[in-house]
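Structure first, commentary second.
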Amino acid sequence: MSVVPPRLSAVVERRSVLWTLVRRDLRVRYASSVLGYVWTILDPLLMTLIYFFVFTYIFGARRAGLHPYLLFLISGMLPWQWFTGAVHESSRALLAEAKLVRSTNLPRELWVIRVIVAKGIEYLLSIPVLAAIFLIFFVKGEARLDLEIVYFPLAIVLEFALLVGIGLLIAPITVLVKDLILRLMFYLTPVIYGVSRIPAKARPFMDLNPLSGVLELFRAGLFSEPVNWRSVGVAAVVIAGMIVLGSTVFARLEPAVLKEI
């Protein structure tokens, strides 16, 4: 018995169409941007430098995260950029392609998942920034690469699965309600601060945020602090639940969405 919901299995069967749409989205994005690929790197890098300046030179909070803090920041900002970009685009994925959504017999989940894949590719294209910053600190003797770096691909798979679940949940709801809030989640995710800075009593609640466990894996191998497997385990359970919830909500709201768009 397949662990993938039947409607998502239909998307897998149409993966050639999915890949065609992803390539189209990437071509449109880069063709419409003067900076093109450079912006994929520049955007998270500038945000990282801003946070680094604010927390280290204005607030003097050099221990907000692990050392070196700049590497800690960029290793969290890049996955966060993928998350926010995919959530924002997923929220209007059905509206943006309303005519095609109505007129084709493609699985309508495909229009949401294409956004997440495209944003995931943009994330992969930004990894050279992380590698470059790591090499700078590695040469200075302030960073080293551990074997736990092998968890990096697992982090990508978990974040992708999380985004699929969230995307399928919010895409039809946004068409009907048009309301989405991400800012609060940013501050509840250990992007700019380390889990070790969170009071012990609050950590179980922070673990309920699946991105906490995902970031644990993204940063594994870059820092000496061990992976919090409890956080990763909770993330896996929440992500699995999100996939089921998102698929169910998407299927039930599909008729209402088609009428609305």
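Ligands are numbered from 1 in the order shown, chains are lettered A, B, ... in the order of the structure tokens, and residues start at 1 in each chain.
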How would you write, as a PyMOL selection string, the set of residues in region 51-92 of chain A that DSSP gives as helix (DSSP H, G or I)?
chain A and resi 51-58+69-91
So that I can check the surroundings of Asp146 (chain A), please list as a ChimeraX atom specification every protein, DNA and RNA residue that reaches within 8 Å of it, counting only C-alpha atoms and ignoring chain neighbours fewer than 6 positions away.
/A:220-224
Store the residues picked out above in a file with N, CA and C atoms, as a short mmCIF file (atom, residue, chain, number, x, y, z; two decimals), in the first residue's frame.
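Dumped everything to result.cif:
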data_model
loop_
_atom_site.label_atom_id
_atom_site.label_comp_id
_atom_site.auth_asym_id
_atom_site.auth_seq_id
_atom_site.Cartn_x
_atom_site.Cartn_y
_atom_site.Cartn_z
N ALA A 220 23.27 20.63 10.71
CA ALA A 220 24.09 19.50 11.16
C ALA A 220 25.32 19.39 10.27
N GLY A 221 26.45 19.18 10.87
CA GLY A 221 27.68 19.07 10.11
C GLY A 221 28.44 20.38 10.00
N LEU A 222 27.74 21.50 10.21
CA LEU A 222 28.40 22.81 10.13
C LEU A 222 28.82 23.30 11.52
N PHE A 223 28.19 22.74 12.55
CA PHE A 223 28.48 23.18 13.91
C PHE A 223 28.69 21.96 14.80
N SER A 224 29.37 22.17 15.92
CA SER A 224 29.71 21.05 16.81
C SER A 224 28.54 20.61 17.68
#
A:Ile166, A:Val112, A:Ile74, A:Leu154 ranked by distance to Ala132 (chain A), top pick (using only C-alpha atoms)
A:Ile74
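Taking CA of Leu71 (chain A) as the reference point, CA of Phe137 (chain A) is found at 8.1 Å.
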Tell me, counting only C-alpha atoms, for each residue of region 63-165 of chain A within 7 Å of region 11-33 of chain A, which pair of atoms is nearest and how far apart they are in Å to one decimal, in rows ordered by chain and increasing number, as a Markdown table.
| residue | atom | partner | partner_atom | distance |
| --- | --- | --- | --- | --- |
| A:Pro107 | CA | A:Val11 | CA | 6.1 |
| A:Leu110 | CA | A:Val11 | CA | 5.8 |
| A:Arg114 | CA | A:Val22 | CA | 5.5 |
| A:Val117 | CA | A:Val22 | CA | 6.9 |
| A:Ala118 | CA | A:Val22 | CA | 5.4 |
